[in-house]
Amino acid sequence: MSETTKPAGTVENQAIEDPSIEIPVAGTADVVPAPTATRPDAVPGTSAGGRSRLLVLDGHSMAFRAFYALPAENFATSAGQHTNAVHGFTSMLINLIRDQKPTHVAVAFDVSDDTTFRKAEYSEYKGGRNETPAEFGGQIGLIERVMHAWGITTIKMPGYEADDILATLAAQGEAAGFEVLLVSGDRDSFQLITDNVFVLYPRKGVSDIPRMDAAAIEEKYFVAPSRYSDLAALVGESADNLAGVPGVGPKTAAKWINLYGGLEGILENLDAIGGKVGGALRENIDAVKRNRRLNHLLKDLDLPVGLGDLEEPRPIRKEIEELFDELEFKTLRTRLFDLYGSDTAGEAPDTIEAPEFAVLEDAAGLQEFFAAGSGMRSALAVQLAPGRIGNDAEALAVVRANGAAFVELSRLDAAAESVLAAWLQDPEEAKVMHEFKAALKALYYRGLGLEGVVDDTAISGYLIEPDRRSYELAELAQHHLKIALAPAVSASGQLELDLGDGPDGAAATELVRQAAVVHTLSKHFEKELSDRQAGALLTTLELPVARVLADMELAGIGVSLDRMNEQLADLSKVVQHAQEQAFAAIGHEVNLGSPKQLQTVLFEELGLPKTKKIKSGYTTDAASLKALLEKTGHEFLVQLMAHRESSKLAQMVETLKKSVAEDGRIHTDYAQNVAATGRISSNNPNLQNIPVRSEEGRRVRGIFVVSEGYECLLSADYSQIEMRIMAHLSGDEGLIQAYKEGEDLHRYVGSHIFNVAPEDVTSAMRSKVKAMSYGLAYGLTSFGLSKQLEISVDEARSLMKDYFDRFGAVRDYLRGVVEQARVDGYTSTIEGRRRYLPDLTSTNRQHRELAERIALNSPIQGSAADIIKRAMLGVSAELAGQGLKSRMLLQVHDELVLEVAPGEREAVEKLVAEQMGSAAQLSVPLDVQIGVGTSWHDAGH
């Protein structure tokens, strides 16, 4: 029922049902059956042992997942229709059918919330959801058209939700002896899990969708699937606007459920539950019963199709061709027909078999294998498994031109491990890998080093095509080699290898096959890297940086749980106070997270000026409310914005708290192949999005503290690096002179634009100049500048003209970089990092203008990324070269954070300033600002 996650269950329970609530009789079902036209004969396959396997998708849930997994701005037709949800959904389904090999497939869609029996009982059901983004509009209909052309039946039931259709099909499938796989991003579906029914629940976007079984539910939530809706009834679900019992969390609810045998037992023993939470339960029992009625999924809908109607869907070539032409899908077309073996849609992908391999366990065998391949390039694949803090290395496969081997690390004695360690650490033995950094960290936990890595196909694939959305091995093999490489799926459905079948079993074979693909892919990339002149970037920059990042991830950064808890308590007070003041401003309570209720308050009760019109009324997004606040100054808006900001910060701190590892530190994951400009990104958790503009936001940095045994944290940040790069690339003498003389650039530029002395440049003038200077580097138009500065378009246009009249070299550079990119087909950074932009010559104006903005920005932002990477390499080398114990912990855009060992502060400050300042030879100096303190906040400057 919810697009977000929430608990649910399946208990049939008369004590909870309310006979006064009438379940409506379904209206005419909306079913699009599989077409009967002639289709390709080949099908993806049948499930194991010949048993039928039913795959049912919650269409809306997974469409939203796909929408948020892919950036809308990168997926649009020439007519302006956004297609990111359609693309992601289709790609996901191709992968699911390829990997799960269902014999029967269906997709269920929701109808309007207002028509469901749940909404009829409780008008505020789902009332707290955010507004549907405008870019999502029309994409459900397009997904339905894709399904029809694919031959997949889609089902809607007026009065009910997609969850109920999933529940009914699951019951029918299980009764018929099927294995049933339900694909949903909604935890309500967990209540349907049995020994024969499983939920494929997305963990990340629509690419990581592991299988959830009963054991997984019990391990995570401490209740069986059959009791999960009881848990949801007690805890509540904010996404569905269902309030739970105050003070009762999942652990308390699970304890009661297991103690009393479910919700019905809890209701019979209400007086036995003492304490404050017991009182709260008794006061909210009606809400609990309501929640239970609403979260219970119906298994007995009268569906207009049977299981036989869902069998063996296959694409209709003509319809797919026409629709994908309209949607401007290219790669998906090939992948879809390749899946079904259509010989009229291009050759099906080849498969690569694992070469014959030796299973090596003793020192003599390992020594002989490595000696026979001395001097050859070897592909190395490492099998990872969850460890205490990070991943552990379980096994590895080595593939080279004259042989292959598999090694299970737990089977090695000391002598054999010594031979393996020597080869791994030999820098003269060239090795190619996929996702080298992850393997490096895992081997570290085993006490094994890793040297001699000359290629990481996840990085070299990125350097060749920095705008791809995925650099997974299977995706690269499919795209570049036309090789199908399905990920191995263990018995639990996780995307991993299970070595329990022995060293010569399927898991070992799969790991060797992956190594063989890496070997082939790396060889294929050699020419493409050479053609793009990216070989040096790979070997002298990206691979060394990956090693530095691995060290930083392993180190992590210390945190103060006391400060976290203190800030959470303070934020909770601010949230509560803002809520109370907001209620006082309008004279009644309202759900501050409900767009519909906010629309009523703002535009009907208060009569405030209307914001942008959207499908559900008038938008209440942050930007619109900020503008409305500035226009009206209404107290309700003041408190609403404070409530939102503090709630968001509290959620961020909660996420950080959950990320603290067993060693009391946070270990983020850095990625080099996410941002097309070359910027390093941070994930799990993201430490690069901590706000610094507000004091409360900056306070979050205060929870990151120096560790015991170290003296302080040191923060080193480039000052105005993008503007300095702009001055260098444009060669503008005025800007260069300003930087060489140590002028305040924005004050200097302002004095020339506004024709006043530098000391007479007001803060407002300086702010305008700063916004414009940075905006120009991002392709900001006069219209965009007018909105940003809240001035007229004419004034913005005049401001830009005055700027270009004074700094003509900047104007000439910005014009020239786009025109040169149009000729070359790509832009390039100072280091030679290329970004290819075919849309620069597109006939579609929107696509062309987007490419032009990217052409303006990429050389500047990409050069900044290259410079900070060079600085990181220099700092790391100097720390090691001087034998210092201080270490780098974080990289945040243009900032490095180090932990300084006692007595090393002066030396570290000196080497950091030198290495960052000399990371690039520009026509202007690189200014580095350094601060120190016991916390990241205190070290700020």
# chains A, B, ... in the order shown; residues from 1 in each chain; ligands from 1
>>> select_by_dssp(residues="range 253-405 of chain A", states="alpha helix (DSSP H)", output="ChimeraX atom specification")
/A:253-260,263-268,275-283,285-295,317-327,331-339,363-372
>>> atom_distance(atom1="CA of Met92 in chain A", atom2="CA of Ala176 in chain A")
26.8 Å
>>> select_by_dssp(residues="range 426-581 of chain A", states="strand (DSSP E)", output="list in words")
Lys431, Val432, Met433, Val453, Val454, Asp455, Asp456, Ile483, Ala484, Ile557 and Gly558 of chain A
>>> write_last_selection(atoms="N, CA and C atoms", output="mmCIF file, in the first residue's frame")
data_model
loop_
_atom_site.group_PDB
_atom_site.id
_atom_site.type_symbol
_atom_site.label_atom_id
_atom_site.label_comp_id
_atom_site.auth_asym_id
_atom_site.auth_seq_id
_atom_site.Cartn_x
_atom_site.Cartn_y
_atom_site.Cartn_z
ATOM 1 N N LYS A 431 47.977 -7.240 -12.651
ATOM 2 C CA LYS A 431 46.666 -7.801 -12.337
ATOM 3 C C LYS A 431 45.575 -6.847 -12.812
ATOM 4 N N VAL A 432 44.503 -7.389 -13.351
ATOM 5 C CA VAL A 432 43.330 -6.596 -13.715
ATOM 6 C C VAL A 432 42.154 -7.103 -12.895
ATOM 7 N N MET A 433 41.294 -6.172 -12.478
ATOM 8 C CA MET A 433 40.204 -6.523 -11.569
ATOM 9 C C MET A 433 38.964 -5.723 -11.923
ATOM 10 N N VAL A 453 48.100 -3.853 -9.524
ATOM 11 C CA VAL A 453 46.828 -3.728 -10.231
ATOM 12 C C VAL A 453 46.969 -2.648 -11.301
ATOM 13 N N VAL A 454 46.791 -3.018 -12.553
ATOM 14 C CA VAL A 454 46.981 -2.086 -13.669
ATOM 15 C C VAL A 454 45.664 -1.702 -14.334
ATOM 16 N N ASP A 455 44.579 -2.339 -13.940
ATOM 17 C CA ASP A 455 43.277 -1.957 -14.489
ATOM 18 C C ASP A 455 42.176 -2.376 -13.541
ATOM 19 N N ASP A 456 41.204 -1.499 -13.401
ATOM 20 C CA ASP A 456 39.947 -1.794 -12.720
ATOM 21 C C ASP A 456 38.871 -1.504 -13.756
ATOM 22 N N ILE A 483 28.225 -9.996 -24.160
ATOM 23 C CA ILE A 483 28.308 -11.240 -23.399
ATOM 24 C C ILE A 483 27.283 -11.199 -22.279
ATOM 25 N N ALA A 484 26.489 -12.240 -22.162
ATOM 26 C CA ALA A 484 25.505 -12.323 -21.088
ATOM 27 C C ALA A 484 26.189 -12.877 -19.847
ATOM 28 N N ILE A 557 36.021 7.558 10.573
ATOM 29 C CA ILE A 557 36.178 8.761 11.396
ATOM 30 C C ILE A 557 35.407 8.579 12.691
ATOM 31 N N GLY A 558 36.020 9.027 13.788
ATOM 32 C CA GLY A 558 35.405 8.863 15.097
ATOM 33 C C GLY A 558 34.191 9.758 15.275
#
>>> closest_atom_pairs(of="range 608-697 of chain A", to="range 458-479 of chain A", cutoff="9 Å", atoms="only C-alpha atoms", output="JSON lines")
{"residue": "A:Gln672", "atom": "CA", "partner": "A:Ile459", "partner_atom": "CA", "distance": 7.2}
{"residue": "A:Asn673", "atom": "CA", "partner": "A:Tyr462", "partner_atom": "CA", "distance": 5.7}
{"residue": "A:Val674", "atom": "CA", "partner": "A:Arg469", "partner_atom": "CA", "distance": 7.7}
{"residue": "A:Ala675", "atom": "CA", "partner": "A:Pro466", "partner_atom": "CA", "distance": 7.6}
{"residue": "A:Ala676", "atom": "CA", "partner": "A:Pro466", "partner_atom": "CA", "distance": 4.8}
{"residue": "A:Thr677", "atom": "CA", "partner": "A:Pro466", "partner_atom": "CA", "distance": 7.6}
{"residue": "A:Gly678", "atom": "CA", "partner": "A:Pro466", "partner_atom": "CA", "distance": 8.1}
>>> write_last_selection(atoms="C-alpha atoms", output="PDB file, in the first residue's frame")
ATOM      1  CA  GLN A 672      34.988   7.300  -8.354  1.00  0.00           C
ATOM      2  CA  ASN A 673      32.567   6.363 -11.125  1.00  0.00           C
ATOM      3  CA  VAL A 674      29.299   8.063 -10.170  1.00  0.00           C
ATOM      4  CA  ALA A 675      29.703  11.753 -11.033  1.00  0.00           C
ATOM      5  CA  ALA A 676      30.447  12.204 -14.737  1.00  0.00           C
ATOM      6  CA  THR A 677      32.680  15.197 -13.989  1.00  0.00           C
ATOM      7  CA  GLY A 678      35.171  13.083 -12.031  1.00  0.00           C
TER       8      GLY A 678
END
>>> closest_atom_pairs(of="range 293-346 of chain A", to="range 225-236 of chain A", cutoff="9 Å", atoms="only C-alpha atoms", output="tab-separated table")
residue	atom	partner	partner_atom	distance
A:Arg293	CA	A:Ala233	CA	8.5
A:Leu294	CA	A:Ala233	CA	8.8
A:Asn295	CA	A:Ser229	CA	6.4
A:His296	CA	A:Ser229	CA	6.5
>>> write_last_selection(atoms="C-alpha atoms", output="mmCIF file, in the first residue's frame")
data_model
loop_
_atom_site.group_PDB
_atom_site.id
_atom_site.type_symbol
_atom_site.label_atom_id
_atom_site.label_comp_id
_atom_site.auth_asym_id
_atom_site.auth_seq_id
_atom_site.Cartn_x
_atom_site.Cartn_y
_atom_site.Cartn_z
ATOM 1 C CA ARG A 293 -8.070 -3.720 9.181
ATOM 2 C CA LEU A 294 -6.365 -1.405 6.719
ATOM 3 C CA ASN A 295 -3.017 -3.166 6.460
ATOM 4 C CA HIS A 296 -4.540 -6.617 5.990
#
>>> residues_around(residues="Gly750 in chain A", least_positions_apart="2", cutoff="7 Å", atoms="only C-alpha atoms", output="list in words")
His746, Arg747, Tyr748, His752, Ile753, Phe754, Val761, Met765, Arg766 and Val769 of chain A
>>> write_last_selection(atoms="C-alpha atoms", output="short mmCIF file (atom, residue, chain, number, x, y, z; two decimals), in the first residue's frame")
data_model
loop_
_atom_site.label_atom_id
_atom_site.label_comp_id
_atom_site.auth_asym_id
_atom_site.auth_seq_id
_atom_site.Cartn_x
_atom_site.Cartn_y
_atom_site.Cartn_z
CA HIS A 746 34.08 39.04 -5.82
CA ARG A 747 34.79 42.47 -4.34
CA TYR A 748 37.33 43.11 -7.08
CA HIS A 752 34.68 47.02 -11.89
CA ILE A 753 31.09 46.10 -12.74
CA PHE A 754 29.46 48.69 -10.49
CA VAL A 761 31.27 47.31 -2.80
CA MET A 765 26.75 43.83 -4.64
CA ARG A 766 29.25 41.17 -3.69
CA VAL A 769 28.70 39.10 -8.34
#
>>> closest_residue(among="A:Val749, A:Ile217, A:Leu896, A:Leu336", to="Gly734 in chain A", atoms="only C-alpha atoms")
A:Val749
>>> residues_around(residues="Val517 in chain A", least_positions_apart="2", cutoff="9 Å", atoms="only C-alpha atoms", output="tab-separated table (two decimals) with C-alpha atoms, in the first residue's frame")
chain	number	residue	atom	x	y	z
A	352	ILE	CA	31.52	-16.98	-21.96
A	354	ALA	CA	34.56	-20.59	-17.37
A	379	ALA	CA	42.58	-11.24	-14.08
A	473	LEU	CA	30.42	-6.17	-14.53
A	477	ALA	CA	30.05	-7.18	-20.45
A	483	ILE	CA	28.31	-11.24	-23.40
A	485	LEU	CA	26.73	-12.57	-17.52
A	512	VAL	CA	36.39	-18.15	-12.45
A	513	ARG	CA	33.95	-17.14	-15.19
A	514	GLN	CA	33.76	-13.62	-13.78
A	515	ALA	CA	37.55	-13.42	-13.80
A	519	HIS	CA	40.29	-10.52	-18.50
A	520	THR	CA	38.46	-10.14	-21.83
A	521	LEU	CA	36.88	-6.81	-20.91
A	522	SER	CA	40.16	-5.29	-19.80
>>> atom_distance(atom1="CA of Lys631 in chain A", atom2="CA of Ile586 in chain A")
18.2 Å
